[in-house]
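> Next up is a structure, given as structure tokens.
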Amino acid sequence: MFSSTGSKSNQQFAQYLPEVKKYLAELQHQDLWWTTVAMVGKINNENIDPQLLVSIVETQKEFQDLRDIMINELIGRYINQANSEVMLKAQAAIDILIRNLFERTADVGFLATDDDLVEFMASAEKTPEQKAFIHRRLQEYVAKYSVYDDVVLLTPSGEVAVKLDEANHSSQCHDPLIHETINSQADYVEIYRACELFPQKSAAHVFAKKMQANIGGQLRTVGLLCLSFNFEDEMKRIYQVLNQNQPDYVIMLLDKMGKSFSCNMPEKFSAGLQIQNPDSYQEPRMEGPCLQFATKTQGYQGYCGLPWYGLVRAPNQVVFSDKDYLDAIDLTIERESPLYLSELEETNLKVSTLLLIVILNGKILSLKRDVKSFLPVLDSFQNISIDIQEIFTRFIHHIHNILVKTIQDKIASSASLSIEVMDRNLYERANDCRWWALNSTFRKVLSKAVDGNKVSGEDTHELSRILAYINQLYTVYTNIILYDTHGKILAVSDKSQTKLIGTTMPNMSEVSQCLKLQDTQAYFVSEFKATPLYDDKHTYIYHAAVKDWQVSHKNVGGIALIFDSEPQFAAMLQETQPVYRTQAVNESTFSAFVDRQGHIISTTHASLKVGAQLSLPAKLLSAENGQINTVLWKGLQSTYLIGYKVSQGYREYKNGDGYTNDVIALVFTGV
């Protein structure tokens, strides 16, 4: 951050800070008045010890030093506030995207091994009926994983076997992506560039993986799967979230050379803008009349994606303006608070004491030597002392207010980021359960079972094998369960839970809700509560109906995904929790997800338990979806500022898909 001392670097910002200019004018007026009174004192110094006048000048120097310290401290606090906001936005711009793209790496790995797709690509003759079936399968996939705008299956020679986007007229592809993917030993290939396979795009963001089949006892490459990520649409959504209530911040993505290729203001900043040395930013810098910061991703689960940077640029008049979208909180910082500026208070007290000593000594000398003409001078200094004390008291209170506003910005931004991460994560869970329910093997076996046939040991083994393979790729679940129309468990992904096979699902009302689902886009999520399927801990269970193989509107069972909520939610909160410079403030900070009644879903507070209820302000608990704000709260034997944001879903998740479950992200910082 910019130093909060060092007047030369800070004074350039004073022009954007009217409060600083006001205090500076007041203090300069007192300094000028001090000089004037001192001059009068020199004229009326007959029979006065010269050392007294020297003390007056020395004390004035102490006052001037304190004035400079205070002004620079105030400017420094404003700068810290601005820096914090710019850095948070830049980091979030790249990290939110990377979290999304991490999910895509699992998608391409799983879909490239889908039995139906592999069998289709391995067949020598691809009939129109087969193509139509695969096309429907891919349509179902994109209907759920709506982050993709196209899915293409290619032969090893580059011939397009199936594609979804009818506007894409590519039928044969010679793009280097094909050779790179076929010869790659990596789990997938990721590119963002112009690609012959997607000629309608100036740049395509593609995840590709070779498809392999066992032919004659040998593993052979039979094709390629290419998932086209709808990059532009996703970035619009990210920009919208990050610039909620703050439309004047410029947000960009830069490539490894520092050239911009995405921006929330394309009409002002076209692609190709060169940013010099984006990897050299340790803190925001002044770039003309703007504050600017660039950063790499922190990565997620070891995935860092392509070598990109998030960059934020904002005009100084914007970053230093009041954030009127957050409620003003008039808070007096008490001495015992970790925010209390005791050093400034002590320096202020030192100057006041020195001046008081000078005045008292002067009055004693004046009375001793009967120099009454000097008493009005001392009275004037006493008035100056009172005025300075009043200014500095207001000054320190104002700096405290800036600290409070900085915390408000941090906790509101962190709450916004954590609920955004949660909604995006659970969007994927809703997709997973619906897509896996369409697995052909699941449908065929459960269709036999509903007709009165027993599921054979061989079938149970095959179902469990597929579930285990899925769970191996998607590790956010502790178990994945298949059950029939009576709630009887047919297969599990967790080998240590095979004892569940043959037993009944513990909550039949959830089974009943699942079996009522009408179409393949529908899903059901349990309440967040303790369940024996998660060691009697609280979690969400995601259900989707398995459809009959022949009669698509008939349900023959369901799939249940046991979300590993404890570590997953804890990680979301920990990774988005704000970090302060002062250790005491960090120690007073914690985060939580709660429902509309204040019941804890997850928290970083060591003493609070999941399921416990916090007595939170009604204004917070009843806030509208998407609302972001801060509030003062007294609880847990302390006083906290709480930043909060109410979930608003992501894409179609919680937005017209039939699922309603409001969650509020909270970030607490003790004051």
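Convention: chains lettered A, B, ... in structure tokens order; per-chain residue numbering from 1; ligands numbered from 1 as shown.
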Please run DSSP on the backbone and report, as a VMD selection string, all residues within segment 201-349 of chain A that come out as strand (DSSP E or B).
chain A and resid 204 to 215 218 to 229 250 to 254 259 to 263 274 285 to 287 290 to 295 300 303 309 to 315
> For the selection just defined, write its residues with N, CA and C atoms to a file, as a short mmCIF file (atom, residue, chain, number, x, y, z; two decimals), in the first residue's frame.

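Saved result, selection.cif, follows:
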data_model
loop_
_atom_site.label_atom_id
_atom_site.label_comp_id
_atom_site.auth_asym_id
_atom_site.auth_seq_id
_atom_site.Cartn_x
_atom_site.Cartn_y
_atom_site.Cartn_z
N ALA A 204 -11.82 -18.41 -29.21
CA ALA A 204 -12.62 -19.47 -28.60
C ALA A 204 -11.91 -20.00 -27.37
N HIS A 205 -12.69 -20.20 -26.31
CA HIS A 205 -12.14 -20.79 -25.09
C HIS A 205 -12.58 -22.25 -25.08
N VAL A 206 -11.64 -23.15 -25.32
CA VAL A 206 -11.97 -24.56 -25.57
C VAL A 206 -11.24 -25.46 -24.58
N PHE A 207 -12.00 -26.43 -24.08
CA PHE A 207 -11.42 -27.53 -23.29
C PHE A 207 -11.56 -28.79 -24.14
N ALA A 208 -10.43 -29.43 -24.44
CA ALA A 208 -10.44 -30.58 -25.33
C ALA A 208 -9.78 -31.78 -24.66
N LYS A 209 -10.29 -32.96 -25.01
CA LYS A 209 -9.70 -34.20 -24.49
C LYS A 209 -9.91 -35.31 -25.51
N LYS A 210 -8.90 -36.17 -25.65
CA LYS A 210 -9.06 -37.30 -26.57
C LYS A 210 -9.99 -38.34 -25.94
N MET A 211 -10.73 -39.02 -26.82
CA MET A 211 -11.65 -40.07 -26.39
C MET A 211 -11.04 -41.41 -26.77
N GLN A 212 -10.99 -42.32 -25.82
CA GLN A 212 -10.34 -43.61 -26.06
C GLN A 212 -11.30 -44.76 -25.76
N ALA A 213 -11.14 -45.83 -26.55
CA ALA A 213 -11.98 -47.03 -26.38
C ALA A 213 -11.10 -48.27 -26.44
N ASN A 214 -11.55 -49.30 -25.76
CA ASN A 214 -10.84 -50.58 -25.79
C ASN A 214 -11.30 -51.35 -27.02
N ILE A 215 -10.42 -51.45 -27.98
CA ILE A 215 -10.75 -52.15 -29.23
C ILE A 215 -9.75 -53.29 -29.41
N GLN A 218 -6.90 -53.38 -26.96
CA GLN A 218 -5.97 -52.24 -26.94
C GLN A 218 -6.74 -50.93 -26.80
N LEU A 219 -6.16 -50.01 -26.04
CA LEU A 219 -6.77 -48.69 -25.86
C LEU A 219 -6.40 -47.81 -27.04
N ARG A 220 -7.41 -47.40 -27.79
CA ARG A 220 -7.16 -46.59 -28.99
C ARG A 220 -7.95 -45.28 -28.94
N THR A 221 -7.34 -44.26 -29.53
CA THR A 221 -8.02 -42.97 -29.63
C THR A 221 -9.05 -43.03 -30.74
N VAL A 222 -10.32 -42.78 -30.38
CA VAL A 222 -11.41 -42.87 -31.36
C VAL A 222 -11.98 -41.49 -31.71
N GLY A 223 -11.53 -40.46 -30.99
CA GLY A 223 -12.06 -39.14 -31.29
C GLY A 223 -11.60 -38.10 -30.30
N LEU A 224 -12.18 -36.91 -30.44
CA LEU A 224 -11.89 -35.80 -29.54
C LEU A 224 -13.20 -35.17 -29.09
N LEU A 225 -13.22 -34.75 -27.84
CA LEU A 225 -14.33 -33.96 -27.32
C LEU A 225 -13.84 -32.53 -27.12
N CYS A 226 -14.59 -31.57 -27.66
CA CYS A 226 -14.26 -30.15 -27.49
C CYS A 226 -15.44 -29.42 -26.87
N LEU A 227 -15.23 -28.85 -25.69
CA LEU A 227 -16.25 -28.06 -25.02
C LEU A 227 -15.93 -26.58 -25.23
N SER A 228 -16.87 -25.85 -25.80
CA SER A 228 -16.67 -24.42 -26.05
C SER A 228 -17.30 -23.63 -24.91
N PHE A 229 -16.47 -23.03 -24.09
CA PHE A 229 -16.92 -22.24 -22.94
C PHE A 229 -17.38 -20.87 -23.43
N VAL A 250 -12.96 0.30 -14.07
CA VAL A 250 -12.60 -0.43 -15.28
C VAL A 250 -11.97 -1.76 -14.86
N ILE A 251 -12.52 -2.86 -15.37
CA ILE A 251 -12.00 -4.19 -15.04
C ILE A 251 -11.60 -4.88 -16.34
N MET A 252 -10.39 -5.42 -16.37
CA MET A 252 -9.88 -6.08 -17.58
C MET A 252 -9.25 -7.42 -17.23
N LEU A 253 -9.13 -8.24 -18.26
CA LEU A 253 -8.26 -9.41 -18.20
C LEU A 253 -7.12 -9.18 -19.18
N LEU A 254 -5.91 -9.56 -18.75
CA LEU A 254 -4.72 -9.40 -19.59
C LEU A 254 -4.13 -10.77 -19.87
N LYS A 259 -1.41 -7.76 -22.59
CA LYS A 259 -2.40 -7.17 -23.51
C LYS A 259 -3.81 -7.53 -23.05
N SER A 260 -4.68 -6.53 -23.07
CA SER A 260 -6.06 -6.77 -22.64
C SER A 260 -6.82 -7.54 -23.72
N PHE A 261 -7.67 -8.46 -23.28
CA PHE A 261 -8.52 -9.19 -24.23
C PHE A 261 -9.97 -9.27 -23.76
N SER A 262 -10.25 -8.69 -22.61
CA SER A 262 -11.63 -8.61 -22.13
C SER A 262 -11.73 -7.40 -21.21
N CYS A 263 -12.84 -6.67 -21.31
CA CYS A 263 -13.01 -5.46 -20.51
C CYS A 263 -14.49 -5.19 -20.30
N GLN A 274 -2.06 -2.35 -24.19
CA GLN A 274 -0.84 -2.90 -23.59
C GLN A 274 -0.62 -2.33 -22.19
N ARG A 285 -0.83 1.39 -8.26
CA ARG A 285 0.03 2.49 -8.70
C ARG A 285 -0.81 3.60 -9.30
N MET A 286 -0.22 4.78 -9.28
CA MET A 286 -0.83 5.91 -9.98
C MET A 286 -0.47 5.82 -11.46
N GLU A 287 -1.50 5.81 -12.30
CA GLU A 287 -1.31 5.85 -13.75
C GLU A 287 -2.11 7.04 -14.25
N CYS A 290 -5.47 8.01 -12.45
CA CYS A 290 -6.15 6.77 -12.04
C CYS A 290 -5.27 5.94 -11.10
N LEU A 291 -5.93 5.11 -10.33
CA LEU A 291 -5.27 4.11 -9.51
C LEU A 291 -5.42 2.77 -10.22
N GLN A 292 -4.35 1.99 -10.32
CA GLN A 292 -4.37 0.78 -11.14
C GLN A 292 -3.64 -0.36 -10.43
N PHE A 293 -4.17 -1.58 -10.61
CA PHE A 293 -3.53 -2.76 -10.01
C PHE A 293 -3.81 -3.98 -10.88
N ALA A 294 -2.78 -4.82 -11.04
CA ALA A 294 -2.92 -6.07 -11.79
C ALA A 294 -2.40 -7.22 -10.94
N THR A 295 -3.02 -8.38 -11.08
CA THR A 295 -2.61 -9.53 -10.28
C THR A 295 -2.90 -10.85 -10.99
N TYR A 300 -6.97 -22.38 -7.75
CA TYR A 300 -8.01 -23.11 -7.01
C TYR A 300 -7.77 -24.60 -7.19
N TYR A 303 -5.31 -25.62 -9.66
CA TYR A 303 -5.53 -25.18 -11.05
C TYR A 303 -5.36 -23.66 -11.13
N TYR A 309 -4.01 -12.23 -16.15
CA TYR A 309 -4.03 -11.28 -15.03
C TYR A 309 -5.41 -10.62 -14.95
N GLY A 310 -5.81 -10.31 -13.74
CA GLY A 310 -6.96 -9.43 -13.54
C GLY A 310 -6.44 -8.04 -13.28
N LEU A 311 -7.05 -7.03 -13.91
CA LEU A 311 -6.61 -5.64 -13.73
C LEU A 311 -7.81 -4.76 -13.44
N VAL A 312 -7.61 -3.83 -12.51
CA VAL A 312 -8.63 -2.82 -12.21
C VAL A 312 -7.99 -1.45 -12.28
N ARG A 313 -8.71 -0.55 -12.93
CA ARG A 313 -8.27 0.85 -13.04
C ARG A 313 -9.47 1.72 -12.66
N ALA A 314 -9.22 2.72 -11.83
CA ALA A 314 -10.33 3.59 -11.42
C ALA A 314 -9.84 5.02 -11.26
N PRO A 315 -10.62 6.01 -11.72
CA PRO A 315 -10.25 7.41 -11.55
C PRO A 315 -10.14 7.76 -10.06
#
> I'd like the neighbourhood of Thr332 of chain A as JSON, numbers by chain, where a residue qualifies if any of its atoms comes within 9 Å (using only C-alpha atoms), though same-chain residues fewer than 6 positions away should be ignored.
{"A": [397, 400, 401]}
> Looking only at the backbone, which of the residues in segment 597-659 of chain A does DSSP tag as helix (DSSP H, G or I), as a short mmCIF file (atom, residue, chain, number, x, y, z; two decimals) with N, CA and C atoms, in the first residue's frame?

data_model
loop_
_atom_site.label_atom_id
_atom_site.label_comp_id
_atom_site.auth_asym_id
_atom_site.auth_seq_id
_atom_site.Cartn_x
_atom_site.Cartn_y
_atom_site.Cartn_z
N ALA A 618 -33.28 -7.81 12.19
CA ALA A 618 -34.35 -8.16 11.25
C ALA A 618 -34.08 -7.58 9.87
N LYS A 619 -33.48 -6.39 9.84
CA LYS A 619 -33.16 -5.73 8.56
C LYS A 619 -32.25 -6.63 7.72
N LEU A 620 -31.32 -7.29 8.37
CA LEU A 620 -30.38 -8.17 7.67
C LEU A 620 -31.09 -9.43 7.19
N LEU A 621 -31.84 -10.06 8.07
CA LEU A 621 -32.48 -11.34 7.74
C LEU A 621 -33.57 -11.20 6.68
#
> Just give me the gap between atom CA of Gly302 of chain A and atom CA of Pro567 of chain A in Å, one decimal is fine.
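Distance between the two atoms: 16.6 Å.
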> Identify which of the residues A:Asn555, A:Gln244, A:Ser418, A:Asn661 lies closest to Gln574 of chain A, counting only C-alpha atoms when measuring atom-to-atom distances.
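The closest residue to Gln574 of chain A is A:Ser418.
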> Could you name the residues that touch Trp308 of chain A at 9 Å or less, counting only C-alpha atoms, but leaving out those on the same chain fewer than 3 positions away, as a ChimeraX atom specification?
/A:94,253-258,295-297,304-305
> In Å, with one decimal, what is the gap from atom CA of Ala545 of chain A to atom CA of Leu517 of chain A?
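Computing it gives 6.5 Å between the two atoms.
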> Give the answer as one residue: which of A:Gln185, A:Phe133, A:Phe110, A:Phe198 has the shortest atom-to-atom distance to Leu467 of chain A, using only C-alpha atoms?
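Selected residue with least distance to Leu467 of chain A: A:Phe110.
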> Excluding Val404 of chain A and its own-chain neighbours fewer than 2 positions away, which residues fall within 10 Å of it when counting only C-alpha atoms? Please give them as a ChimeraX atom specification.
/A:81,328-333,339,398-402,406-410,641,671
> Could those selected residues go to a file with C-alpha atoms, as a compact mmCIF listing (two decimals), in the first residue's frame?

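File written: again-v3.txt
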# COMPACT_ATOMS: atom_id res chain seq x y z
CA GLN A 81 -9.23 2.25 1.69
CA ALA A 328 -23.45 5.17 7.02
CA ILE A 329 -22.56 3.91 10.49
CA ASP A 330 -21.84 6.51 13.17
CA LEU A 331 -19.61 4.60 15.54
CA THR A 332 -17.47 5.94 18.37
CA ILE A 333 -14.31 3.87 18.62
CA LEU A 339 -9.09 0.17 15.93
CA HIS A 398 -12.71 11.36 11.42
CA ILE A 399 -9.78 8.98 10.93
CA HIS A 400 -11.68 6.43 13.00
CA ASN A 401 -14.62 6.91 10.64
CA ILE A 402 -12.36 6.23 7.66
CA THR A 406 -12.58 0.74 5.09
CA ILE A 407 -13.81 -2.18 7.16
CA GLN A 408 -17.31 -1.72 5.73
CA ASP A 409 -15.90 -1.92 2.20
CA LYS A 410 -13.83 -5.00 3.02
CA LEU A 641 -19.52 -4.62 11.99
CA VAL A 671 -14.80 -2.90 16.53
> Please provide the set of residues having any atom within 9 Å of Phe120 of chain A, restricted to only C-alpha atoms, with same-chain residues fewer than 5 positions apart removed, written as a ChimeraX atom specification.
/A:115,125-126,130-131,134
> Restricting the output to C-alpha atoms, write the selected residues as a CSV table (one decimal), in the first residue's frame.

chain,number,residue,atom,x,y,z
A,115,ASP,CA,-20.1,-44.6,-22.4
A,125,GLU,CA,-20.6,-46.6,-39.2
A,126,LYS,CA,-22.5,-43.8,-37.5
A,130,GLN,CA,-27.1,-42.8,-33.5
A,131,LYS,CA,-26.3,-39.2,-34.4
A,134,ILE,CA,-25.9,-38.3,-29.3
> Given only C-alpha atoms, how would the per-residue table for segment 69-176 of chain A near segment 651-656 of chain A read, listing every residue at most 12 Å away with its closest atom pair and distance in Å to one decimal, sorted by chain and number, as a tab-separated table?

residue	atom	partner	partner_atom	distance
A:Ala143	CA	A:Glu652	CA	10.1
A:Lys144	CA	A:Glu652	CA	9.1
A:Tyr145	CA	A:Arg651	CA	10.0
A:Ser146	CA	A:Arg651	CA	7.9
A:Val147	CA	A:Arg651	CA	8.7
> Give the answer as one residue: which of A:Met422, A:Asn183, A:Thr155, A:Gln577 has the shortest atom-to-atom distance to Ser171 of chain A, using only C-alpha atoms?
A:Thr155
> Excluding segment 522-536 of chain A and any residue of its chain fewer than 4 positions from it, enumerate the residues within 8 Å of it, using only C-alpha atoms, and give them as a list of chain:residue names.
A:Ala430, A:Cys433, A:Arg434, A:Thr478, A:Pro506, A:Glu510, A:Gln513, A:Cys514, A:Leu517, A:Gln518, A:Tyr540, A:Ile541, A:Tyr542, A:His543, A:Ala544, A:Ala545, A:Ile562, A:Asp564, A:Ile601, A:Gly611, A:Asp657, A:Gly658, A:Tyr659
> Please compute the atom CA of Ala415 of chain A-atom CA of Phe593 of chain A distance, one decimal, in Å.
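So the two atoms, atom CA of Ala415 of chain A and atom CA of Phe593 of chain A, lie 9.2 Å apart.
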